[in-house]
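Chemist: Below is the file work-v9.csv, which contains CSV, C-alpha atoms.
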chain,number,residue,atom,x,y,z
A,21,MET,CA,-44.1,20.2,21.8
A,22,ASN,CA,-40.8,18.4,21.7
A,23,LYS,CA,-39.3,18.0,25.1
A,24,ARG,CA,-35.7,18.6,24.0
A,25,TRP,CA,-35.9,21.6,21.7
A,26,LYS,CA,-38.1,24.4,20.6
A,27,ILE,CA,-36.1,25.4,17.6
A,28,ARG,CA,-34.4,23.0,15.2
A,29,PRO,CA,-31.5,23.9,13.0
A,30,GLU,CA,-32.3,25.1,9.5
A,31,GLY,CA,-32.2,22.2,7.1
A,32,SER,CA,-32.2,19.6,9.8
A,33,ASN,CA,-34.6,16.6,10.2
A,34,TRP,CA,-34.7,16.6,14.0
A,35,GLY,CA,-37.9,14.9,15.3
A,36,ASP,CA,-38.7,13.3,11.9
A,37,PHE,CA,-37.9,9.9,13.2
A,38,GLY,CA,-39.4,10.5,16.6
A,39,ALA,CA,-38.6,12.7,19.6
A,40,ASP,CA,-36.3,10.1,21.2
A,41,ASP,CA,-34.6,8.9,18.1
A,42,GLN,CA,-30.9,8.2,18.2
A,43,LEU,CA,-30.5,6.4,14.8
A,44,GLY,CA,-31.2,9.2,12.3
A,45,ARG,CA,-31.2,8.0,8.7
A,46,ILE,CA,-30.2,4.6,9.8
A,47,ASN,CA,-33.9,4.2,10.4
A,48,LEU,CA,-34.2,4.0,6.6
A,49,LEU,CA,-32.6,0.5,6.7
A,50,THR,CA,-36.0,-1.2,7.0
A,51,GLU,CA,-36.8,-4.9,6.5
A,52,ASP,CA,-38.0,-4.2,3.0
A,53,ARG,CA,-34.8,-2.4,2.1
A,54,VAL,CA,-32.6,-5.1,3.5
A,55,LEU,CA,-34.5,-7.6,1.4
A,56,GLU,CA,-34.1,-5.4,-1.6
A,57,ALA,CA,-30.4,-5.0,-0.9
A,58,ALA,CA,-29.9,-8.8,-0.6
A,59,LYS,CA,-30.8,-9.0,-4.3
A,60,GLU,CA,-27.4,-7.5,-5.0
A,61,VAL,CA,-25.8,-10.8,-3.9
A,62,ARG,CA,-25.2,-12.7,-7.2
A,63,THR,CA,-21.9,-14.4,-6.8
A,64,GLY,CA,-21.6,-15.0,-3.0
A,65,ARG,CA,-18.1,-13.4,-3.0
A,66,ASN,CA,-17.2,-11.3,0.1
A,67,PHE,CA,-14.9,-8.4,0.5
A,68,CYS,CA,-13.4,-7.3,3.9
A,69,LEU,CA,-13.6,-3.5,3.9
A,70,SER,CA,-11.4,-3.0,7.0
A,71,MET,CA,-7.8,-2.1,7.0
A,72,PRO,CA,-5.6,-3.9,9.5
A,73,LEU,CA,-6.7,-2.0,12.6
A,74,ASP,CA,-3.0,-1.3,13.5
A,75,LEU,CA,-2.9,1.0,10.5
A,76,PRO,CA,-2.3,3.9,9.6
A,77,GLY,CA,0.5,3.0,12.0
A,78,GLY,CA,2.0,5.1,14.8
A,79,ASN,CA,0.3,8.5,15.0
A,80,ALA,CA,1.6,10.1,11.8
A,81,ILE,CA,-1.9,11.0,10.4
A,82,ASN,CA,-3.4,12.3,13.6
A,83,PRO,CA,-1.2,13.1,16.6
A,84,SER,CA,-4.1,12.8,19.0
A,85,ARG,CA,-5.1,9.3,18.0
A,86,LEU,CA,-2.9,6.5,19.2
A,87,PRO,CA,-2.5,3.0,17.8
A,88,PRO,CA,-4.0,0.0,19.6
A,89,GLU,CA,-2.3,-1.8,22.4
A,90,LEU,CA,-2.9,-5.4,23.3
A,91,LYS,CA,-3.5,-6.0,27.0
A,92,PRO,CA,-2.7,-9.5,28.1
A,93,VAL,CA,-4.5,-11.9,30.5
A,94,ILE,CA,-2.5,-12.0,33.7
A,95,ARG,CA,-2.6,-15.5,35.3
A,96,GLU,CA,-0.7,-16.2,38.5
A,97,GLY,CA,1.2,-13.0,38.0
A,98,GLU,CA,2.4,-14.0,34.6
A,99,ILE,CA,1.4,-12.7,31.1
A,100,ALA,CA,-0.7,-15.5,29.6
A,101,PHE,CA,0.8,-15.5,26.1
A,102,ASP,CA,2.9,-18.5,25.1
A,103,SER,CA,3.8,-18.7,28.7
A,104,ALA,CA,5.2,-21.7,30.6
A,105,ALA,CA,1.8,-22.2,32.3
A,106,GLN,CA,0.0,-22.2,28.9
A,107,ARG,CA,2.5,-24.6,27.4
A,108,GLY,CA,2.1,-26.8,30.4
A,109,ALA,CA,-1.7,-26.8,29.9
A,110,ILE,CA,-1.3,-27.9,26.3
A,111,ILE,CA,1.0,-30.8,27.3
A,112,ARG,CA,-1.2,-31.8,30.2
A,113,TYR,CA,-4.3,-31.7,28.0
A,114,ARG,CA,-3.2,-34.2,25.4
A,115,PRO,CA,-2.9,-37.3,27.6
A,116,ILE,CA,-6.3,-36.6,29.2
A,117,SER,CA,-7.8,-36.2,25.7
A,118,CYS,CA,-6.3,-39.5,24.6
A,119,ALA,CA,-7.5,-41.3,27.7
A,120,MET,CA,-11.0,-40.0,27.1
A,121,THR,CA,-11.2,-41.1,23.5
A,122,GLN,CA,-9.9,-44.6,24.4
A,123,CYS,CA,-12.5,-45.1,27.1
B,14,MET,CA,-7.1,-4.6,23.7
B,15,LEU,CA,-6.9,-0.8,24.2
B,16,ILE,CA,-8.1,0.9,21.1
B,17,HIS,CA,-8.7,4.5,20.2
B,18,SER,CA,-12.2,4.2,18.6
B,19,GLN,CA,-11.4,6.5,15.7
B,20,TYR,CA,-7.9,5.3,14.9
B,21,SER,CA,-8.4,3.1,11.8
B,22,THR,CA,-11.4,1.8,9.9
B,23,GLN,CA,-14.2,3.3,11.9
B,24,TRP,CA,-17.7,4.7,12.5
B,25,ASP,CA,-18.5,8.1,13.9
B,26,SER,CA,-21.6,8.3,16.1
B,27,PHE,CA,-23.7,11.4,16.4
B,28,ALA,CA,-21.9,12.2,19.7
B,29,HIS,CA,-18.8,13.0,17.7
B,30,ILE,CA,-19.8,16.5,16.5
B,31,GLY,CA,-22.4,18.8,18.1
B,32,ALA,CA,-22.9,22.5,17.8
B,33,MET,CA,-23.5,25.6,19.9
B,34,PHE,CA,-27.1,26.2,19.0
B,35,ASP,CA,-30.1,27.7,20.8
B,36,ALA,CA,-32.4,24.7,20.7
B,37,ASP,CA,-34.4,25.6,23.7
B,38,GLY,CA,-35.1,29.1,22.4
B,39,ASP,CA,-33.9,31.0,25.5
B,40,GLY,CA,-31.7,33.3,23.5
B,41,THR,CA,-28.5,31.5,24.5
B,42,ALA,CA,-26.8,28.9,22.5
B,43,GLU,CA,-26.0,25.6,24.2
B,44,HIS,CA,-24.0,22.6,23.3
B,45,VAL,CA,-26.4,20.1,21.6
B,46,TYR,CA,-26.2,17.2,19.3
B,47,TYR,CA,-28.5,15.5,16.7
B,48,ASN,CA,-32.2,15.6,17.6
B,49,GLY,CA,-31.5,18.0,20.5
B,50,PHE,CA,-29.7,15.5,22.7
B,51,LYS,CA,-26.9,16.3,25.1
B,52,VAL,CA,-24.1,13.7,25.4
B,53,VAL,CA,-23.4,14.4,29.1
B,54,SER,CA,-25.8,14.0,32.0
B,55,ASP,CA,-28.1,17.0,32.6
B,56,ASP,CA,-27.8,16.5,36.4
B,57,THR,CA,-24.0,15.9,36.8
B,58,GLY,CA,-22.5,17.2,33.6
B,59,GLU,CA,-20.6,13.8,33.5
B,60,GLY,CA,-20.4,11.2,30.8
B,61,LEU,CA,-21.3,7.5,31.1
B,62,TYR,CA,-17.9,6.7,32.6
B,63,GLY,CA,-17.1,9.9,34.4
B,64,LYS,CA,-15.2,12.3,32.0
B,65,VAL,CA,-16.0,10.2,28.9
B,66,GLY,CA,-18.8,8.1,27.4
B,67,ALA,CA,-21.8,9.5,25.7
B,68,VAL,CA,-25.0,9.3,27.7
B,69,ASN,CA,-26.9,9.8,24.4
B,70,HIS,CA,-25.9,8.9,20.9
B,71,GLY,CA,-23.4,6.2,21.9
B,72,ILE,CA,-22.4,3.9,19.0
B,73,GLN,CA,-24.2,0.9,20.5
B,74,HIS,CA,-27.5,2.1,19.0
B,75,MET,CA,-26.0,1.7,15.5
B,76,ALA,CA,-24.7,-1.8,16.5
B,77,GLU,CA,-28.1,-2.8,17.8
B,78,SER,CA,-29.7,-1.8,14.4
B,79,CYS,CA,-27.3,-4.5,12.8
B,80,LEU,CA,-26.4,-2.0,10.1
B,81,GLN,CA,-27.1,-3.9,6.9
B,82,GLY,CA,-28.4,-2.6,3.6
B,83,ARG,CA,-27.4,-1.7,0.0
B,84,GLY,CA,-24.0,-0.3,-0.5
B,85,VAL,CA,-23.3,2.0,-3.5
B,86,MET,CA,-19.8,2.7,-4.7
B,87,ILE,CA,-18.8,6.1,-6.1
B,88,ASP,CA,-15.3,5.6,-7.5
B,89,LEU,CA,-13.6,9.0,-7.3
B,90,ARG,CA,-10.1,7.5,-7.6
B,91,THR,CA,-10.6,6.3,-11.2
B,92,HIS,CA,-11.6,9.8,-12.3
B,93,CYS,CA,-9.6,12.0,-10.0
B,94,GLY,CA,-6.4,10.0,-9.4
B,95,ASP,CA,-4.4,10.2,-6.2
B,96,GLU,CA,-3.6,14.0,-6.1
B,97,ARG,CA,-4.9,15.6,-2.9
B,98,ARG,CA,-7.7,18.0,-3.8
B,99,MET,CA,-11.3,18.7,-3.0
B,100,VAL,CA,-14.2,17.4,-5.0
B,101,GLY,CA,-17.4,19.5,-5.0
B,102,TYR,CA,-21.0,19.0,-6.1
B,103,ASP,CA,-20.4,19.6,-9.9
B,104,GLU,CA,-17.5,17.1,-10.2
B,105,LEU,CA,-19.2,14.5,-8.0
B,106,MET,CA,-22.4,14.6,-10.0
B,107,ALA,CA,-20.5,14.4,-13.3
B,108,ILE,CA,-18.7,11.2,-12.0
B,109,ILE,CA,-22.0,9.7,-10.8
B,110,ARG,CA,-23.6,10.4,-14.3
B,111,LYS,CA,-20.6,9.1,-16.2
B,112,ASP,CA,-20.5,5.8,-14.2
B,113,ASP,CA,-24.3,5.5,-14.2
B,114,VAL,CA,-24.5,5.3,-10.4
B,115,GLU,CA,-27.9,5.5,-8.8
B,116,VAL,CA,-28.2,6.7,-5.2
B,117,SER,CA,-31.6,5.9,-3.6
B,118,THR,CA,-33.2,6.4,-0.2
B,119,GLY,CA,-31.6,4.3,2.5
B,120,ASP,CA,-28.4,3.6,0.5
B,121,LEU,CA,-25.0,3.3,2.3
B,122,VAL,CA,-22.9,5.4,0.0
B,123,CYS,CA,-19.1,4.6,-0.3
B,124,LEU,CA,-16.6,7.1,-1.7
B,125,HIS,CA,-13.5,5.4,-3.0
B,126,THR,CA,-10.5,7.8,-3.1
B,127,GLY,CA,-7.6,5.3,-2.7
B,128,PHE,CA,-6.2,6.8,0.5
B,129,ALA,CA,-6.5,3.7,2.7
B,130,ASP,CA,-5.0,1.7,-0.2
B,131,ARG,CA,-2.0,4.0,-0.1
B,132,ILE,CA,-1.7,3.5,3.6
B,133,VAL,CA,-1.8,-0.3,3.3
B,134,ALA,CA,0.7,-0.2,0.4
B,135,ALA,CA,3.1,2.1,2.4
B,136,ALA,CA,2.9,-0.2,5.4
B,137,THR,CA,4.1,-3.2,3.3
B,138,ALA,CA,6.7,-1.3,1.2
B,139,PRO,CA,10.4,-2.2,1.7
B,140,ASP,CA,11.2,1.5,2.3
B,141,PRO,CA,8.1,3.0,3.7
B,142,GLU,CA,7.6,6.7,3.3
B,143,PRO,CA,4.8,8.8,5.0
B,144,VAL,CA,1.7,8.7,2.9
B,145,GLY,CA,1.1,12.4,3.4
B,146,ALA,CA,-1.7,14.4,2.0
B,147,VAL,CA,-2.9,12.4,-1.0
B,148,CYS,CA,-6.2,11.4,-2.7
B,149,THR,CA,-9.5,13.4,-2.9
B,150,VAL,CA,-11.7,14.7,-0.1
B,151,LEU,CA,-15.2,16.2,-0.4
B,152,ASP,CA,-15.6,20.0,-0.3
B,153,GLY,CA,-17.7,20.3,2.8
B,154,GLY,CA,-18.1,24.0,2.2
B,155,ASP,CA,-20.0,23.4,-1.0
B,156,ARG,CA,-23.7,24.1,-0.1
B,157,LYS,CA,-25.0,22.3,-3.2
B,158,LEU,CA,-23.1,19.2,-2.1
B,159,LEU,CA,-24.6,19.3,1.4
B,160,ASN,CA,-28.1,19.8,0.0
B,161,ARG,CA,-27.7,16.9,-2.4
B,162,ILE,CA,-26.7,14.7,0.6
B,163,SER,CA,-30.0,15.7,2.3
B,164,GLU,CA,-32.1,15.2,-0.8
B,165,SER,CA,-30.6,11.9,-1.9
B,166,GLY,CA,-32.0,10.1,1.2
B,167,LEU,CA,-28.7,8.2,1.7
B,168,ALA,CA,-28.4,6.6,5.1
B,169,ALA,CA,-24.7,6.7,5.8
B,170,LEU,CA,-21.7,8.3,4.1
B,171,ILE,CA,-18.6,6.1,4.0
B,172,SER,CA,-15.1,6.9,2.7
B,173,ASP,CA,-11.6,5.4,2.6
B,174,ASN,CA,-10.0,8.7,3.4
B,175,VAL,CA,-9.7,10.6,6.7
B,176,ALA,CA,-12.7,12.7,7.7
B,177,VAL,CA,-14.6,12.3,4.3
B,178,GLU,CA,-14.2,16.0,3.8
B,179,GLN,CA,-11.2,18.4,3.7
B,180,SER,CA,-9.7,18.6,7.2
B,181,SER,CA,-6.3,19.5,8.5
B,182,SER,CA,-5.6,16.1,9.9
B,183,VAL,CA,-4.3,14.6,6.6
B,184,ALA,CA,-2.1,17.5,5.8
B,185,HIS,CA,1.7,17.5,6.4
B,186,GLU,CA,1.5,20.3,9.0
B,187,MET,CA,-0.9,18.6,11.4
B,188,THR,CA,-0.3,20.8,14.5
B,189,GLU,CA,-3.0,23.2,13.5
B,190,PRO,CA,-6.0,23.5,15.9
B,191,GLY,CA,-9.2,21.7,15.0
B,192,PRO,CA,-10.7,22.5,11.6
B,193,VAL,CA,-14.2,23.6,10.8
B,194,LEU,CA,-15.9,20.5,9.4
B,195,PRO,CA,-19.1,21.7,7.7
B,196,LEU,CA,-19.9,18.2,6.2
B,197,HIS,CA,-19.6,16.7,9.7
B,198,GLU,CA,-21.9,19.4,11.1
B,199,HIS,CA,-24.5,18.8,8.3
B,200,CYS,CA,-24.5,15.0,8.5
B,201,LEU,CA,-23.9,14.3,12.2
B,202,PHE,CA,-25.6,17.3,13.8
B,203,LYS,CA,-28.4,18.2,11.4
B,204,ILE,CA,-29.6,15.3,9.4
B,205,GLY,CA,-28.5,12.2,11.3
B,206,VAL,CA,-26.3,10.6,8.7
B,207,PRO,CA,-23.4,8.7,10.4
B,208,LEU,CA,-20.0,9.1,8.8
B,209,ASP,CA,-17.4,6.3,8.3
B,210,GLU,CA,-13.7,6.8,7.6
B,211,LEU,CA,-10.7,4.9,6.5
B,212,TRP,CA,-12.5,1.9,5.2
B,213,HIS,CA,-10.5,-0.2,2.7
B,214,LEU,CA,-12.6,0.1,-0.5
B,215,SER,CA,-10.1,-0.4,-3.3
B,216,LYS,CA,-10.4,-4.1,-4.0
B,217,LEU,CA,-14.2,-3.9,-4.0
B,218,ALA,CA,-14.2,-0.8,-6.2
B,219,ALA,CA,-12.0,-2.6,-8.7
B,220,TRP,CA,-14.2,-5.7,-8.7
B,221,LEU,CA,-17.4,-3.6,-9.2
B,222,ARG,CA,-15.8,-1.7,-12.1
B,223,GLU,CA,-14.7,-4.9,-13.8
B,224,ASN,CA,-18.2,-6.3,-13.4
B,225,ARG,CA,-19.9,-3.0,-14.4
B,226,ARG,CA,-21.7,-2.7,-11.1
B,227,SER,CA,-21.9,-0.1,-8.4
B,228,ARG,CA,-24.2,-1.8,-5.9
B,229,PHE,CA,-23.6,-4.5,-3.3
B,230,PHE,CA,-24.9,-6.0,-0.1
B,231,LEU,CA,-23.2,-4.4,2.9
B,232,THR,CA,-23.1,-5.6,6.5
B,233,ALA,CA,-21.2,-3.2,8.8
B,234,PRO,CA,-22.2,-3.0,12.4
B,235,PRO,CA,-19.8,-1.1,14.7
B,236,LEU,CA,-19.0,-2.6,18.2
B,237,ARG,CA,-21.9,-2.6,20.7
B,238,MET,CA,-19.9,-0.5,23.1
B,239,PRO,CA,-22.2,1.7,25.2
B,240,GLY,CA,-21.2,5.4,25.2
B,241,ALA,CA,-18.5,5.1,22.5
B,242,VAL,CA,-18.3,8.1,20.2
B,243,GLY,CA,-16.8,6.0,17.4
B,244,SER,CA,-16.0,2.4,16.8
B,245,PRO,CA,-13.8,0.2,14.7
B,246,ALA,CA,-15.6,-2.0,12.3
B,247,THR,CA,-14.9,-5.0,10.0
B,248,PRO,CA,-17.5,-4.3,7.3
B,249,VAL,CA,-18.3,-7.1,4.8
B,250,ALA,CA,-19.5,-6.4,1.3
B,251,THR,CA,-21.1,-9.3,-0.6
B,252,VAL,CA,-21.5,-9.2,-4.3
I'd like the structure from this file rewritten - as structure tokens, please.

Modeler:
Amino acid sequence: MNKRWKIRPEGSNWGDFGADDQLGRINLLTEDRVLEAAKEVRTGRNFCLSMPLDLPGGNAINPSRLPPELKPVIREGEIAFDSAAQRGAIIRYRPISCAMTQC
Amino acid sequence: MLIHSQYSTQWDSFAHIGAMFDADGDGTAEHVYYNGFKVVSDDTGEGLYGKVGAVNHGIQHMAESCLQGRGVMIDLRTHCGDERRMVGYDELMAIIRKDDVEVSTGDLVCLHTGFADRIVAAATAPDPEPVGAVCTVLDGGDRKLLNRISESGLAALISDNVAVEQSSSVAHEMTEPGPVLPLHEHCLFKIGVPLDELWHLSKLAAWLRENRRSRFFLTAPPLRMPGAVGSPATPVATV
């Protein structure tokens, strides 16, 4: 007896991958199938299948889904993006780096 | 970075769509998800992080599986163009036969409609216009299509449109309440097939067509974010 359900929906495969399964058909991506899939690599060319993640842009397509926002690191009360503190760090870093390599 | 997990190129976890179903056989339907799970705590009724966060079926499980396998492209755009309409079982099977596409157990099936390509093109146009309701969507109400998804053994269903199937969210009038999504119910609730939306498939689809191929090696884990119902992804196809 399954601990979560007595009746499963018609046409479902509940329980077929185990009572506690949370992967469903992703279980079918076995080591053998990954090995077989790797045979499709013949040229080594890659394709990035993501859109820029700030698209579709705004919320024109779905009013309830909002575009991403970047949240900065705050250092000493200041946004750490091209900040004076950061520029200072770059300038300070160089002489130290030189000194190290000349030692 | 603050990101709505289903804003752009994304995975849906099984926590995205459940159903009112009498799984415990007590005569009253309850809100359950794939394999009979609940996504909130039985004890508190809360999610992993208070009001949100799936206690079961979070997207992290998919990430932990590494999500790698054989991708198979079905190029609807070449046959159907960019007009917004539904594609059902008969038309889909005719395209599969015409292009000599084989879908086997465990395949990660990609449907190229051109929608994401239109979005990217509009974003870079000098006078951008809203993309609106364009490109094909599956007819989720077609029982033969849903049965074919079950019988094919495919592991995930991926598209470059919104929602894979017909939904109100890509129409011009988008203030309608939530649509019935039968393909979502079938895949996410009944048979454990994750759905992926708004992938950018056009360049890969064109290359595959030029090279008379439909298969490729696909690596596409979502983010390992416990409790997330969906996730952005940066999938990589290798040919």

Chemist: Kindly indicate which residue among A:Pro88, A:Gly38, A:Pro72, A:Gly78 lies nearest to chain B, using only C-alpha atoms for the distances.

Modeler: A:Pro88

Chemist: Show me a table, sorted first by chain and then by increasing residue number, of the residues of chain B having an atom at most 6 Å from chain A, each with its shortest atom pair and the distance in Å to one decimal, counting all atoms listed in the file and written as CSV.

Modeler:
residue,atom,partner,partner_atom,distance
B:Met14,CA,A:Leu90,CA,4.3
B:Leu15,CA,A:Glu89,CA,5.0
B:Ile16,CA,A:Pro88,CA,4.5
B:Tyr20,CA,A:Arg85,CA,5.8
B:Ser21,CA,A:Leu73,CA,5.4
B:Thr22,CA,A:Ser70,CA,5.6
B:Ala36,CA,A:Trp25,CA,4.8
B:Asp37,CA,A:Trp25,CA,4.7
B:Gly38,CA,A:Lys26,CA,5.9
B:Asn48,CA,A:Trp34,CA,4.5
B:Gly49,CA,A:Arg24,CA,5.5
B:His70,CA,A:Gln42,CA,5.7
B:Gly82,CA,A:Val54,CA,4.9
B:Arg83,CA,A:Ala57,CA,4.5
B:Gly119,CA,A:Leu48,CA,4.9
B:Ala168,CA,A:Arg45,CA,4.8
B:Ser182,CA,A:Asn82,CA,5.7
B:Val183,CA,A:Ile81,CA,5.8
B:Lys203,CA,A:Ser32,CA,4.4
B:Ile204,CA,A:Ser32,CA,5.0
B:Gly205,CA,A:Gly44,CA,4.2
B:Val206,CA,A:Arg45,CA,5.5
B:Trp212,CA,A:Ser70,CA,5.3
B:His213,CA,A:Leu69,CA,4.7
B:Leu214,CA,A:Leu69,CA,5.8
B:Phe229,CA,A:Glu60,CA,5.1
B:Phe230,CA,A:Ala57,CA,5.6
B:Thr247,CA,A:Ser70,CA,5.0
B:Pro248,CA,A:Leu69,CA,5.2
B:Val249,CA,A:Cys68,CA,5.0
B:Ala250,CA,A:Phe67,CA,5.1
B:Thr251,CA,A:Asn66,CA,4.4
B:Val252,CA,A:Val61,CA,4.6

Chemist: Using CA of Val193 in chain B and CA of Gln179 in chain B as the two end points, give the distance in Å to one decimal.

Modeler: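 Between these atoms lies a distance of 9.3 Å.
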
Chemist: How many Å lie between CA of Pro195 in chain B and CA of Thr41 in chain B, rounded to one decimal?

Modeler: 21.6 Å

Chemist: In Å, how far is it from CA of Arg98 in chain B to CA of Arg131 in chain B?

Modeler: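 According to the coordinates, CA of Arg98 in chain B and CA of Arg131 in chain B are separated by 15.6 Å.
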
Chemist: Report as a ChimeraX atom specification all protein, DNA and RNA residues lying within 12 Å of Ser172 in chain B, evaluated on all atoms listed in the file, omitting residues in the same chain fewer than 3 positions from it.

Modeler: /A:69-70 /B:21-25,84-90,121-130,148-151,169,175-178,207-215,218

Chemist: Return the single residue from B:His17, B:Tyr46, B:Gln73, B:Pro141 that is closest to Pro239 in chain B, with distances computed using all atoms listed in the file.

Modeler: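 Residue with the minimum atom-to-atom distance to Pro239 in chain B: B:Gln73.
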
Chemist: Write out as a PDB file with C-alpha atoms, in the coordinates of the input which residues come within 10 Å of Ile72 in chain B when counting all atoms listed in the file, dropping same-chain ones fewer than 4 positions away.

Modeler:
ATOM      1  CA  GLN A  42     -30.900   8.200  18.200  1.00  0.00           C
ATOM      2  CA  LEU A  43     -30.500   6.400  14.800  1.00  0.00           C
TER       3      LEU A  43
ATOM      4  CA  TRP B  24     -17.700   4.700  12.500  1.00  0.00           C
ATOM      5  CA  ASP B  25     -18.500   8.100  13.900  1.00  0.00           C
ATOM      6  CA  SER B  26     -21.600   8.300  16.100  1.00  0.00           C
ATOM      7  CA  PHE B  27     -23.700  11.400  16.400  1.00  0.00           C
ATOM      8  CA  ALA B  28     -21.900  12.200  19.700  1.00  0.00           C
ATOM      9  CA  HIS B  29     -18.800  13.000  17.700  1.00  0.00           C
ATOM     10  CA  ALA B  67     -21.800   9.500  25.700  1.00  0.00           C
ATOM     11  CA  ALA B  76     -24.700  -1.800  16.500  1.00  0.00           C
ATOM     12  CA  GLU B  77     -28.100  -2.800  17.800  1.00  0.00           C
ATOM     13  CA  PRO B 207     -23.400   8.700  10.400  1.00  0.00           C
ATOM     14  CA  PRO B 234     -22.200  -3.000  12.400  1.00  0.00           C
ATOM     15  CA  PRO B 235     -19.800  -1.100  14.700  1.00  0.00           C
ATOM     16  CA  LEU B 236     -19.000  -2.600  18.200  1.00  0.00           C
ATOM     17  CA  ARG B 237     -21.900  -2.600  20.700  1.00  0.00           C
ATOM     18  CA  MET B 238     -19.900  -0.500  23.100  1.00  0.00           C
ATOM     19  CA  PRO B 239     -22.200   1.700  25.200  1.00  0.00           C
ATOM     20  CA  GLY B 240     -21.200   5.400  25.200  1.00  0.00           C
ATOM     21  CA  ALA B 241     -18.500   5.100  22.500  1.00  0.00           C
ATOM     22  CA  VAL B 242     -18.300   8.100  20.200  1.00  0.00           C
ATOM     23  CA  GLY B 243     -16.800   6.000  17.400  1.00  0.00           C
ATOM     24  CA  SER B 244     -16.000   2.400  16.800  1.00  0.00           C
TER      25      SER B 244
END
